[in-house]
Structure formats: structure tokens, C-alpha cells
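Down below is the structure, laid out as C-alpha cells.
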Number of protein chains: 2
Amino acid sequence: MNSMEVTMWMLNSTALSMSSSRSYERLHEIEKDLAIVIPVKTKRLRLLEGVLCGIPHACLPIILSNSKNDPIDRFRMEQSMVDTFCRYAKKKYIIAHQRSPEIARMFREGGYPHLLDGDGLVRNGKAEGMLAGIALANMAGKKYVGFIDSDNYFPGAVFEYVRIFSAGLSQGKTPYSMVRIQWHSKPKIVDTELFFAKWGRVSRITNQFLNLFLSHFTGYETEVLRTGNAGEHALSMPLALALDYSTGFSVETYHFVSLMEKFGGALPAPFPEIMKSGVEIFQMESRNPHLHEVTKGGDHINEMIEYSLSVLWHPTICPASLKKDIATELQQLKIIRKNEEPVKLRQYPVLAGIDFEAAARTIDWPLYGNFVPA
Amino acid sequence: MNSMEVTMWMLNSTALSMSSSRSYERLHEIEKDLAIVIPVKTKRLRLLEGVLCGIPHACLPIILSNSKNDPIDRFRMEQSMVDTFCRYAKKKYIIAHQRSPEIARMFREGGYPHLLDGDGLVRNGKAEGMLAGIALANMAGKKYVGFIDSDNYFPGAVFEYVRIFSAGLSQGKTPYSMVRIQWHSKPKIVDTELFFAKWGRVSRITNQFLNLFLSHFTGYETEVLRTGNAGEHALSMPLALALDYSTGFSVETYHFVSLMEKFGGALPAPFPEIMKSGVEIFQMESRNPHLHEVTKGGDHINEMIEYSLSVLWHPTICPASLKKDIATELQQLKIIRKNEEPVKLRQYPVLAGIDFEAAARTIDWPLYGNFVPA
């Protein structure tokens, strides 16, 4: 933990009401260099349009869609809406289908085949879409990349998330920083009324074990880590390219494991310059509740818990006592059986390994454009 | 209608994503001159705090509270929260109890006794709090005044409302302009799901009759008027001081009647310079849904309809045919009986009649501060 600074930040209207015009300008500078990746999968167009509206004008939206094109071509509908919106708003944008041959070619030519499946296309999955988004953001010359879910009912909440990204990133003292958002609350409908829940079950469990993990290295019990599953997060590009990634719902939790492995000092450092410079993590709380579309038919809570904890359980730096605690928890929740190991998830090596020049040659830059599925 | 320009504006991300830093600066300039009046009556502190967070930093919040101070001193709790927030955010603010002797003295010394009741205090009612807010805003040297309800769950929506105010006011070509917000939608809980309703029953009826009213003067049937009950609205100070006001839920609807009477050309003009210059009304649609605390135990829908229509029915400029239509509607809704007249609401003359210098002498300016109830 010696080289990593984990800062707990409680945002209090910082992002919404910066006090001087100088600060606004600083945020604007960051936002000009910030790409916002929006992974989409067959969500209502109205929601996606609202999310687009909430993104500050200076940012580059990158829509990574894995929506169906059969029986109705949902992707074409998304393209058409995004195109109309961005034309009207005079904005550049990128929209790509995750399974398009162009995106696949980019990774193949860039010498990063890990993301491709037997069909030679980028694998299905939100994490894989996020990685494609990071690569596109880097190729578009952006210095920062943030992630926003496409199913948010409130453009104003999206706007705040991006402002929190820029407010956090603007405070980074090293080139390696990350902003993770803790939702103010998540409204639930309980008996025809709204209840503003603070913690979900998955987050509570993930954070508990991540804090135990941190405590093991520092020798101090801590609750500092509150954003183990932060879907809304942003990274400086040098950090985004230097992390390993895990697939599925574990991608956000695994950030911490990858940070500890690479820059925590417990293992030999693959990037000693980053370890020396230090990595900053800004955990910031939003003021807006997070109201998103509820997926019908179960939340896969148990799968989420298993994925989040499995990426902690498998690494060699996970202390034996924590391994035992995690296994016990998963057994008690009847997620794994006695003596069964948690699922081992696919992992992707650092994106810095991509030959971006070769990848860029496959794409018609600087024409921002559309890539349709294969 | 010759001198009044009613402009229908459909905002499309204008406020959230202005495209150039120049525009941001213009909005900032407006916001420095903008007071936001927040009428409060015994609402949850958390909601009021969220609303405060959503107001851009440059604006002056004026909290006009009519909360109880018995058995629990809710007003003191509000004061304490607002004070802590504004200290931390380094903001000036005004918080006043509507029934405080200081506010009453201000109107008495200013020669505007209309607002005072038998106890010599400002009357109860949201409209009366709004008028006190306009007077305070003017005395604080503000050029614009806007109104935001205190029960909004989303600070991001509040932020957008104020940005819409400044985006609209910045486009005013005369000193007399008004911005009225049409909500994007109002989420309702229907069978444990959210339904995003566009129009409420009160608005639909109010707008229908206001449009008939306009149509009578122009000779063209119109649907241009869509904000008859816009609680979220802002006015340039010269216009705010030149309008008459009606009490209760009718205050927003009556704006249109007062505008027609004073500057519409149908009656002799009390302020010919305003009539000559023209009044601009910007109706702008928000992008955020409007999610507010639902008051339990009935919405007084019928009372709202009666109040909104009664201020149209009584004026001498209301054409006989419209009077008849309104009466028929109110009878069909069983709000009034046959041959019964709609309620006649208390009205207040123009605030320009206040001797602001005399009023200001009663207050410890420029110390922004607290006024507690009598």
C-alpha cells in the first residue's frame, strides 16, 4: 500500500456548484480530453437519448452497442437517434457495434487477439465493450475515459457524474488517477412509495471483503473502500492502459486487485515509473439519486456477488485467511458448495500491449463514424 | 396581443450542454444577478438540502419558510442546515420565516400593507411567500428572480431548471422577460413500476382555457401556451415588479391574465413603456423528469382547477363565451353549482408600489441573514 493513495472524497456540491469561473474552465479543459463510453444493449432509445443529453458538450461520447439487429434492427435505431442528436448538437461522436468487423479488425491488426472469439469478433459482454471503448478513446486522442450506464432516467444525474469525473481528475497530482462514484442513493418502489436505499447487498459484501483485503496489507482495519462495484468511473488514459481487466460484473472490483498487484508493492512492479509516481483514487459521492431502468426477471444478485468475490479469491496476493472468509461467505449464500472454488473469470492483459498505430490504420480517422455488426 | 411576444421554446439540451465557453460565461453573468426563491413549508430537510445543492453557485438562494416552530422548531432546523451548507459552500443566502416581524415591518414601512393580515404579519400562503421573495431579491440588488419548489428529489433537475432560467433570460431582447418551464415528465408509481406522465389533469385543463383566451384575442386557434401552471419560472425584475398577483395556486396562471390586461392592448396600458418594448415569454421544456415528494391525502385537484380557472373567469377582459365555457367545465367537474360563480381570489397590486428605500432601512443590509417567526 505504500505507493497507492486511496482517498475518500465526499463530494458536497463540488461538481454542481464550483465556486469560481476559473474552476469551470479547468473542468472544461478536462472534459475536452474526456471520452464517455456508454455501453448499450437493447435499452429504450429514450433513455439513451437522455444520457446523451446529460453529457457535457465538450466530451466525446462513444456508444458501444451490443443491441440486437434482428427481428428489429435496434442498432440502426440507435445509430439514427445518436446521429440526429449529435448533428443537431454539433457534436462529434463514435457509435460502434461491439460485433462489427471494423472493431474486430482494429484489435486483430493491433496485435491484441485476446478480445476476439471463434468468429473473429469482439466477445459479447459489457466488460469487453468497455475495453473496446478505452481503445477507441485512446485512438481518438483522449486523455481520459469515463463510463456511464445507458439506462439512467435522469440526464441531470449523468451530467453530475461527468462533472464529478472532471472535478476528480482535475485534482490528480500524477498522470495515474481514477474517479469512482458512490451513488447518493438508489430509489426503490416499496408499497407504492419511494425508498431511497443507500447500499445494495452486492456492494455491501464486495466492499466488506475489499476492505479486509486492504486491511491485510496496511495492518489497519478500514472502511475506506466504498466503491467496489462503481459502474460509473473514469480513468486517466495512462492508468486505463496499464491495468489488467476481468470480464463480466467483476470488472470494477478487479481494478483494486490489479492496482494492488501492479503498483501495491506486494509483487514485482511491471511499471516501476507508475509505482514511483503513485496512483490516486478519488471516491466521490453524487448528490443525485441513481434511478435507472429495472431489468425484469431477477437481478442475478448471487452471480454478481460470486463474480465480485472470485476476482479477490483467485490472485496469489490474496491472503489465505481472506480466501477462507470469502469461501465461507459464498458457501453460506449457497453460491458455491463446500470445497468448490469460485468461478475463474476470463482476464485480459494490459491494453498498452496494443499496437495502436497498426490498429488506427484500419480505421478511417479522423472521421468519427458508425460501425455496424458483422 | 400586438405587443406581446409569446415564444414557444422546446429546450433540447441547450441548458445542459451549451456549446461554447462564451455561452457558459453569459449564463454565469445572468446567474450572478439571479435570486432563487425557495418557498418551504415543513418539508424534509434532506430534500431542501438537495435543492440548495442544485442551485448554481453564483445565484443567491432566498429561502422563504412557513414551517412550523411548534412542537418541534422545524424552522430552526432549516436555518441550521442552510447556514451550515452555505458556510461550507462559501455562499451568501437569505432565509426568512414568512411570519417573522422583520419581513412584516419591511412591507409596512415600504407602504405595501396588502400582504399583511390582522396580526400585522405577512399572510400565510405560498404566493405570499413568493411575493416576499421578489421584494427581498430586489432589495438584494438582483436583476432576476426565479422560483424552485423545495420538494425536488433530484438536485440535477434543480440545476437544469436554473440553467434553463439563465439560458432563457440571456436571450431576452427587452428588459421584460419571463421563463416558464414545462416538465419533461412527471414519474408516477403505477403497479410497482414507474410511468412517466407528460400532462397532469390540472395543467391540461388550465392550458386548454388559457389557449382559448389567447385565441380570442388573436383570432387564431392555438396550442402555444403549455405552461399555465409552471411552478418553476423566472422573471426579470422589471417585469416581476410590474405584474399583479393572485393568491393560492392561481399565481402562475394569473401571470398571463395580468400580462394581457397590462400589456396586451385590450385595456389602457398602465406602463406604456413596457407595452412599447414588448414582453417575452420563454416556455422551455426540461430534460429531467420532475420527481418530487408526493403529499399524502389527496392532491386538491379540484381546488387547483377552480383556482386556475377562476382567475380567467373574473377579469373584465374575459370574453363572455369563454366565461360560459369555464362555468360549464367547473359545473361538469362538480366544482361549482349551477349559477354559482367561481371563487374570487385575493389579488395583490404591483410590487413596484413598494417604497424599497424605506423598506430597506428596516433591514440590516448587506448582512444576509435570518429572520425568525414572530
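By order of appearance in the C-alpha cells: chains A, B, ..., then residues from 1 within every chain, and ligands from 1 in the order shown.
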Long-range neighbours of Gly353 (chain A) as an NGL selection string, 8 Å cut-off, only C-alpha atoms, 2 positions minimum in chain: :A and (111-112 or 349-351 or 355)
Surrounding residues of Leu45 (chain B) excluding itself and chain neighbours under 5 positions, 10 Å, only C-alpha atoms, as a VMD selection string: chain B and resid 40 50 to 51 74 77 to 78 81 to 82 150 to 151
Filtered DSSP result for region 204-371 of chain B, state strand (DSSP E), as a VMD selection string: chain B and resid 233 to 236 245 to 246 279 to 285 347 to 348 370 to 371
Non-local contacts of Ala358 (chain B) (10 Å; only C-alpha atoms; under 6 positions in same chain excluded) as a VMD selection string: chain B and resid 106 to 111
Contacts of Val162 (chain B) at 12 Å (only C-alpha atoms; same-chain gap of 5+ positions) as a ChimeraX atom specification: /A:16-17 /B:15-16,27-28,30-32,34-37,51-61,144-149,155-157,167-169,179-181,232-235,284,286
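Each of B:Pro315, B:Pro187, B:Gly172, B:Pro101 was compared to Leu267 (chain B) using only C-alpha atoms, and B:Pro315 turns out to be the nearest.
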Nearest-residue call for chain A, choices B:Leu64, B:Ile38, B:Leu259, B:Val294, using only C-alpha atoms: B:Val294
Best match for closeness to Leu333 (chain B) among B:Gln347, B:Thr247, B:Asn124, B:Asn302, counting only C-alpha atoms: B:Asn302
Nearest candidate to Asn211 (chain B) (options B:Leu322, B:Gly278, B:His292, B:Lys43; using only C-alpha atoms): B:Leu322
Alpha helix (DSSP H) call set, DSSP backbone run, region 154-255 of chain B, as a PyMOL selection string: chain B and resi 155-169+201-218+237-240+251-255
Å distance separating CA of Ile281 (chain B) from CA of Thr227 (chain B), one decimal place: 10.3 Å
Which residues are close to Leu330 (chain A), i.e. within 9 Å by only C-alpha atoms, leaving aside same-chain residues fewer than 2 positions away? Reply as a compact mmCIF listing (two decimals) with N, CA, C and O atoms, in the first residue's frame.
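Dumped everything to out_35.txt:
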# COMPACT_ATOMS: atom_id res chain seq x y z
N ASN A 302 -26.82 -13.18 -6.88
CA ASN A 302 -25.82 -14.16 -6.49
C ASN A 302 -24.66 -14.23 -7.47
O ASN A 302 -23.50 -14.35 -7.07
N ILE A 305 -22.41 -11.30 -6.81
CA ILE A 305 -21.58 -11.49 -5.61
C ILE A 305 -20.44 -12.45 -5.92
O ILE A 305 -19.28 -12.20 -5.59
N GLU A 306 -20.77 -13.56 -6.59
CA GLU A 306 -19.72 -14.54 -6.91
C GLU A 306 -18.64 -13.91 -7.78
O GLU A 306 -17.45 -14.07 -7.52
N LEU A 309 -16.45 -11.42 -5.80
CA LEU A 309 -15.54 -12.02 -4.82
C LEU A 309 -14.53 -12.97 -5.46
O LEU A 309 -13.41 -13.12 -4.94
N ASP A 325 -12.34 -16.78 4.36
CA ASP A 325 -13.54 -15.97 4.66
C ASP A 325 -14.45 -15.86 3.44
O ASP A 325 -15.67 -15.94 3.54
N ILE A 326 -13.83 -15.64 2.27
CA ILE A 326 -14.63 -15.49 1.05
C ILE A 326 -15.35 -16.81 0.74
O ILE A 326 -16.55 -16.82 0.44
N ALA A 327 -14.62 -17.92 0.85
CA ALA A 327 -15.23 -19.22 0.56
C ALA A 327 -16.40 -19.47 1.51
O ALA A 327 -17.47 -19.93 1.09
N THR A 328 -16.20 -19.16 2.79
CA THR A 328 -17.27 -19.35 3.78
C THR A 328 -18.50 -18.53 3.41
O THR A 328 -19.63 -19.01 3.43
N GLN A 332 -22.12 -19.95 2.53
CA GLN A 332 -23.32 -19.59 3.31
C GLN A 332 -24.43 -19.04 2.42
O GLN A 332 -25.60 -19.24 2.68
N LEU A 333 -24.03 -18.33 1.39
CA LEU A 333 -25.03 -17.78 0.46
C LEU A 333 -25.47 -18.84 -0.55
O LEU A 333 -26.25 -18.55 -1.45
N LYS A 334 -24.95 -20.07 -0.38
CA LYS A 334 -25.27 -21.20 -1.27
C LYS A 334 -24.93 -20.88 -2.73
O LYS A 334 -25.62 -21.27 -3.67
N ILE A 335 -23.85 -20.12 -2.89
CA ILE A 335 -23.39 -19.80 -4.24
C ILE A 335 -22.41 -20.86 -4.72
O ILE A 335 -22.40 -21.24 -5.89
N ILE A 336 -21.56 -21.34 -3.80
CA ILE A 336 -20.69 -22.49 -4.15
C ILE A 336 -20.90 -23.57 -3.08
O ILE A 336 -21.38 -23.29 -1.98
N ARG A 337 -20.55 -24.80 -3.45
CA ARG A 337 -20.64 -25.89 -2.48
C ARG A 337 -19.34 -26.00 -1.69
O ARG A 337 -18.34 -25.38 -2.04
N PRO A 342 -14.61 -20.70 -6.29
CA PRO A 342 -15.41 -19.73 -7.05
C PRO A 342 -14.97 -19.74 -8.52
O PRO A 342 -13.83 -20.08 -8.83
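Using only C-alpha atoms, the nearest neighbour of Ile363 (chain A) within the list A:Arg105, A:Lys126, A:Arg163, A:Arg201 is A:Arg105.
Closest to chain A among B:Ser246, B:Thr192, B:Ser258, B:Asn66 is B:Thr192, based on only C-alpha atoms.
When CA of Ala89 (chain B) is paired with CA of Ser67 (chain B), their separation reads 24.1 Å.
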Surrounding residues of Met139 (chain B) excluding itself and chain neighbours under 3 positions, 10 Å, only C-alpha atoms, as a list in words: Gly133, Ile134, Ala135, Leu136, Lys142, Phe356, Glu357, Ala359, Ala360, Ile363, Trp365 and Pro366 of chain B
Spatial neighbours of Glu252 (chain B), 9 Å, only C-alpha atoms, chain gap at least 2 places, as a ChimeraX atom specification: /B:227-231,233,245-246,249-250,254-256,308
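The space between CA of Asn207 (chain A) and CA of Ile274 (chain A) spans 25.2 Å.
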